[in-house]
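Peer 1: For reference, the structure I am asking about is given below.
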Amino acid sequence: FVSDVTPYALTKTRLLNASHSALGYLGSLAGHRSIDRVMADPLLAEYVTRLMDDEVTPLLVAPEGVDLERYKRTLLRRFANPAIADQLSRLCRRGSMKMPHHLLPSLHQARAEGRPHALLTLAVAGWFLHLRGVGPEIGRVPVEDARADELQALASEGGPDPQPLLAERSIFGDLIDHPGFVRDLTVAMATLEHEGVRATLCRTLHRAGAPR
């Protein structure tokens with residue numbers, strides 16, 4: 001997969017790297033330690049499949065010579081392979097750099113085009129809870145980020161309210177200016193924290209459509 005040509009690089013970051021971040025945060029909240037164990041969890045495997053198929057792929061123009069469906073199947077097999085499994089602690093590092101480049105651009109574009117983005121929003125909610133240190137006792141992942149002190153302070157200040165952290169425009173752009181998104185993110189955070197990852201995924205995936 002050629003990543004040094006813009007269309008290829010865009011496809012890689014939006015599908016591979018963004019999925020890594022989403023699974024890192026949500027998988028850690030679910031108590032997993034590695035991405036192969038995340039993919040062995042049917043709800044999380046369904047989540048990342050639907051994230052790529054339903055919310056990210058419609059935003060992309062396939063690079064010449066690349067079969068996006070085949071590429072996504074290759075990614076899912078790679079994620080599930082225990083021989084090359086990434087630790088979630090690695091996937092959760094440097095969120096302040098990764099999220100604005102890999103996942104948030106799809107969220108901004110989906111909102112601008114009026115497309116579904118509940119699964120993208122759920123990944124952002126997972127990151128916010130990660131910064132607050134919310135999660136199962138067995139699976140807490142330290143925040144490894146050059147801006148960790150700053151972002152953790154903002155996340156702690158807001159607690160269940162994402163707005164103090166969301167106001168960091170260098171990361172989130174104008175998302176805080178959209179009350180509907182702020183509301184959706186607040187609900188996603190509360191549901192993840194109080195009902196857990198699996199119950200939240202069940203509800204979100206059901207609203208998004210029938211399981212694959």
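Following the order of the structure tokens, chains are lettered A, B, ..., residues in each are numbered from 1, and ligands are numbered from 1.
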Please provide as a ChimeraX atom specification all residues within 8 Å of A:Cys92, with the sequence filter that same-chain residues fewer than 2 positions apart are discarded (counting only C-alpha atoms).

Peer 2: /A:21,24-25,88-90,94-95,141,143-144

Peer 1: Name all residues at most 8 Å from stretch 6-16 of chain A (count only C-alpha atoms; drop same-chain ones fewer than 2 positions away) and give them as number ranges by chain.

Peer 2: A: 1-4, 18-20, 52, 56-57, 60-63, 72, 75, 101-103, 106

Peer 1: As a CSV table (one decimal) with all heavy atoms, in the first residue's frame, please: the residues near stretch 146-153 of chain A (cut-off 12 Å, only C-alpha atoms, same-chain neighbours under 6 positions excluded).

Peer 2:
chain,number,residue,atom,x,y,z
A,92,CYS,N,-2.8,3.9,22.0
A,92,CYS,CA,-3.4,5.0,22.7
A,92,CYS,C,-2.4,6.2,22.9
A,92,CYS,O,-2.8,7.2,23.4
A,92,CYS,CB,-3.8,4.6,24.1
A,92,CYS,SG,-5.3,3.5,24.1
A,93,ARG,N,-1.1,6.0,22.5
A,93,ARG,CA,-0.1,7.0,22.7
A,93,ARG,C,-0.4,8.2,21.8
A,93,ARG,O,-0.9,8.0,20.7
A,93,ARG,CB,1.3,6.5,22.5
A,93,ARG,CG,1.8,5.5,23.5
A,93,ARG,CD,3.1,4.9,23.1
A,93,ARG,NE,3.5,3.8,23.9
A,93,ARG,CZ,4.4,2.9,23.6
A,93,ARG,NH1,5.0,3.0,22.4
A,93,ARG,NH2,4.7,1.9,24.4
A,94,ARG,N,0.0,9.4,22.2
A,94,ARG,CA,0.1,10.6,21.3
A,94,ARG,C,-1.2,10.9,20.7
A,94,ARG,O,-1.3,11.2,19.5
A,94,ARG,CB,1.2,10.4,20.3
A,94,ARG,CG,2.6,10.2,20.9
A,94,ARG,CD,3.7,10.2,19.9
A,94,ARG,NE,3.6,9.1,19.0
A,94,ARG,CZ,3.4,9.3,17.6
A,94,ARG,NH1,3.3,10.5,17.1
A,94,ARG,NH2,3.3,8.2,16.9
A,95,GLY,N,-2.3,10.8,21.5
A,95,GLY,CA,-3.6,11.1,20.9
A,95,GLY,C,-3.8,12.5,20.4
A,95,GLY,O,-4.5,12.8,19.4
A,96,SER,N,-3.1,13.4,21.0
A,96,SER,CA,-3.2,14.8,20.6
A,96,SER,C,-2.6,15.1,19.2
A,96,SER,O,-2.9,16.1,18.5
A,96,SER,CB,-2.5,15.8,21.6
A,96,SER,OG,-1.1,15.6,21.6
A,97,MET,N,-1.7,14.2,18.7
A,97,MET,CA,-1.2,14.2,17.4
A,97,MET,C,-2.0,13.3,16.4
A,97,MET,O,-2.3,13.7,15.3
A,97,MET,CB,0.3,13.8,17.4
A,97,MET,CG,1.2,14.8,18.1
A,97,MET,SD,2.9,14.3,17.9
A,97,MET,CE,3.2,14.4,16.2
A,98,LYS,N,-2.4,12.1,16.9
A,98,LYS,CA,-3.0,11.2,16.0
A,98,LYS,C,-4.4,11.5,15.7
A,98,LYS,O,-4.9,11.4,14.6
A,98,LYS,CB,-2.9,9.8,16.7
A,98,LYS,CG,-1.6,9.2,16.8
A,98,LYS,CD,-1.6,7.8,17.5
A,98,LYS,CE,-0.3,7.2,17.6
A,98,LYS,NZ,-0.3,5.9,18.3
A,127,TRP,N,-11.7,8.5,23.8
A,127,TRP,CA,-10.4,9.2,24.1
A,127,TRP,C,-10.6,10.1,25.3
A,127,TRP,O,-9.7,10.2,26.2
A,127,TRP,CB,-10.0,10.0,22.9
A,127,TRP,CG,-8.7,10.8,23.0
A,127,TRP,CD1,-7.6,10.4,23.8
A,127,TRP,CD2,-8.4,12.0,22.4
A,127,TRP,NE1,-6.6,11.3,23.7
A,127,TRP,CE2,-7.1,12.3,22.8
A,127,TRP,CE3,-9.1,12.9,21.6
A,127,TRP,CZ2,-6.4,13.5,22.4
A,127,TRP,CZ3,-8.4,14.0,21.2
A,127,TRP,CH2,-7.1,14.3,21.6
A,128,PHE,N,-11.8,10.8,25.4
A,128,PHE,CA,-12.0,11.7,26.5
A,128,PHE,C,-12.0,10.9,27.8
A,128,PHE,O,-11.4,11.4,28.8
A,128,PHE,CB,-13.3,12.4,26.3
A,128,PHE,CG,-13.2,13.7,25.5
A,128,PHE,CD1,-12.5,13.6,24.3
A,128,PHE,CD2,-13.9,14.8,25.8
A,128,PHE,CE1,-12.5,14.8,23.5
A,128,PHE,CE2,-13.8,16.0,25.0
A,128,PHE,CZ,-13.1,15.9,23.8
A,129,LEU,N,-12.6,9.8,27.9
A,129,LEU,CA,-12.6,9.0,29.1
A,129,LEU,C,-11.2,8.5,29.4
A,129,LEU,O,-10.8,8.4,30.6
A,129,LEU,CB,-13.6,7.8,29.0
A,129,LEU,CG,-15.0,8.1,29.6
A,129,LEU,CD1,-15.7,9.2,28.8
A,129,LEU,CD2,-15.9,6.8,29.5
A,130,HIS,N,-10.4,8.1,28.4
A,130,HIS,CA,-9.0,7.7,28.6
A,130,HIS,C,-8.3,8.8,29.3
A,130,HIS,O,-7.5,8.6,30.2
A,130,HIS,CB,-8.4,7.4,27.2
A,130,HIS,CG,-7.0,7.2,27.2
A,130,HIS,ND1,-6.3,6.1,27.7
A,130,HIS,CD2,-6.0,8.0,26.7
A,130,HIS,CE1,-5.0,6.2,27.6
A,130,HIS,NE2,-4.8,7.3,27.0
A,131,LEU,N,-8.5,10.1,28.8
A,131,LEU,CA,-7.8,11.2,29.4
A,131,LEU,C,-8.2,11.5,30.9
A,131,LEU,O,-7.4,11.9,31.7
A,131,LEU,CB,-8.0,12.5,28.6
A,131,LEU,CG,-7.3,12.5,27.2
A,131,LEU,CD1,-7.8,13.7,26.4
A,131,LEU,CD2,-5.8,12.5,27.3
A,132,ARG,N,-9.4,11.1,31.2
A,132,ARG,CA,-9.9,11.2,32.6
A,132,ARG,C,-9.5,10.1,33.4
A,132,ARG,O,-9.7,10.1,34.7
A,132,ARG,CB,-11.4,11.4,32.6
A,132,ARG,CG,-11.9,12.7,32.1
A,132,ARG,CD,-13.4,12.7,32.0
A,132,ARG,NE,-14.1,12.3,33.3
A,132,ARG,CZ,-15.3,11.7,33.3
A,132,ARG,NH1,-16.0,11.6,32.2
A,132,ARG,NH2,-15.8,11.4,34.5
A,133,GLY,N,-8.9,9.0,32.9
A,133,GLY,CA,-8.5,7.8,33.7
A,133,GLY,C,-9.7,6.9,34.0
A,133,GLY,O,-9.6,6.1,34.9
A,134,VAL,N,-10.8,7.0,33.2
A,134,VAL,CA,-11.9,6.2,33.4
A,134,VAL,C,-11.7,4.8,32.8
A,134,VAL,O,-11.1,4.7,31.7
A,134,VAL,CB,-13.2,6.8,32.9
A,134,VAL,CG1,-14.4,5.8,33.0
A,134,VAL,CG2,-13.5,8.1,33.6
A,159,GLY,N,-15.1,16.9,33.6
A,159,GLY,CA,-15.7,15.7,34.1
A,159,GLY,C,-16.7,15.1,33.0
A,159,GLY,O,-16.2,14.8,31.9
A,162,PRO,N,-17.9,17.6,28.1
A,162,PRO,CA,-16.7,17.6,27.2
A,162,PRO,C,-16.2,19.0,26.8
A,162,PRO,O,-15.1,19.1,26.2
A,162,PRO,CB,-17.2,16.8,26.0
A,162,PRO,CG,-18.6,17.1,25.9
A,162,PRO,CD,-19.1,17.2,27.4
A,164,PRO,N,-14.8,21.9,28.2
A,164,PRO,CA,-13.5,22.5,28.4
A,164,PRO,C,-12.4,21.9,27.6
A,164,PRO,O,-11.6,22.6,27.0
A,164,PRO,CB,-13.3,22.1,29.9
A,164,PRO,CG,-14.6,22.1,30.5
A,164,PRO,CD,-15.5,21.4,29.4
A,165,LEU,N,-12.5,20.6,27.3
A,165,LEU,CA,-11.5,19.9,26.5
A,165,LEU,C,-11.8,20.2,25.0
A,165,LEU,O,-10.9,20.5,24.2
A,165,LEU,CB,-11.4,18.4,26.7
A,165,LEU,CG,-10.4,17.6,25.9
A,165,LEU,CD1,-9.0,18.2,26.0
A,165,LEU,CD2,-10.4,16.2,26.4
A,166,LEU,N,-13.0,20.1,24.6
A,166,LEU,CA,-13.5,20.3,23.3
A,166,LEU,C,-13.2,21.8,22.8
A,166,LEU,O,-13.0,22.0,21.6
A,166,LEU,CB,-15.0,20.0,23.1
A,166,LEU,CG,-15.5,19.7,21.8
A,166,LEU,CD1,-14.9,18.5,21.2
A,166,LEU,CD2,-17.0,19.5,21.8
A,167,ALA,N,-13.0,22.7,23.7
A,167,ALA,CA,-12.7,24.1,23.4
A,167,ALA,C,-11.3,24.2,22.9
A,167,ALA,O,-10.9,25.3,22.4
A,167,ALA,CB,-12.9,25.0,24.6
A,168,GLU,N,-10.4,23.2,23.0
A,168,GLU,CA,-9.1,23.3,22.5
A,168,GLU,C,-9.1,23.2,21.0
A,168,GLU,O,-9.0,22.1,20.4
A,168,GLU,CB,-8.2,22.1,23.1
A,168,GLU,CG,-6.8,22.2,22.8
A,168,GLU,CD,-6.2,23.5,23.3
A,168,GLU,OE1,-6.3,23.9,24.4
A,168,GLU,OE2,-5.5,24.2,22.4
A,170,SER,N,-7.0,23.9,18.6
A,170,SER,CA,-5.9,23.4,17.9
A,170,SER,C,-6.0,21.9,17.6
A,170,SER,O,-5.4,21.4,16.7
A,170,SER,CB,-4.6,23.7,18.7
A,170,SER,OG,-4.6,23.0,19.9
A,171,ILE,N,-6.9,21.3,18.4
A,171,ILE,CA,-7.1,19.8,18.2
A,171,ILE,C,-8.5,19.6,17.5
A,171,ILE,O,-8.6,18.9,16.5
A,171,ILE,CB,-7.1,19.1,19.5
A,171,ILE,CG1,-5.7,19.1,20.1
A,171,ILE,CG2,-7.5,17.6,19.3
A,171,ILE,CD1,-5.6,18.5,21.5

Peer 1: Rounded to one decimal in Å, what is the spacing between atom CA of A:Leu107 and atom CA of A:Gly173?

Peer 2: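 Going from atom CA of A:Leu107 over to atom CA of A:Gly173 covers 11.1 Å.
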
Peer 1: Tell me, which residues of stretch 12-185 of chain A carry DSSP alpha helix (DSSP H), written as a PyMOL selection string?

Peer 2: chain A and resi 12+18-29+35-39+42-50+68-80+88-91+95-98+104-112+118-132+148-158+163-166+169-172+179-185

Peer 1: Hey, which of A:Val66, A:Leu59, A:Cys202, A:Ala22 ends up closest to A:Arg111? Count only C-alpha atoms.

Peer 2: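 For A:Arg111, the nearest of the given residues is A:Leu59.
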
Peer 1: What's around A:Ala83 at 10 Å? Count only C-alpha atoms, leave out sequence neighbours fewer than 4 positions away in its own chain, and write the answer as a PyMOL selection string.

Peer 2: chain A and resi 36+78-79

Peer 1: Interatomic distance between atom CA of A:Pro116 and atom CA of A:Phe181?

Peer 2: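 Here the two named atoms are 11.8 Å from each other.
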
Peer 1: Show me a table, sorted first by chain and then by increasing residue number, of the residues of stretch 138-190 of chain A having an atom at most 9 Å from stretch 119-122 of chain A, each with its shortest atom pair and the distance in Å to one decimal, counting only C-alpha atoms and written as a tab-separated table.

Peer 2:
residue	atom	partner	partner_atom	distance
A:Phe181	CA	A:Thr121	CA	8.3
A:Asp184	CA	A:Thr121	CA	7.6
A:Leu185	CA	A:Thr121	CA	6.2
A:Ala188	CA	A:Leu122	CA	6.0
A:Met189	CA	A:Leu122	CA	7.7
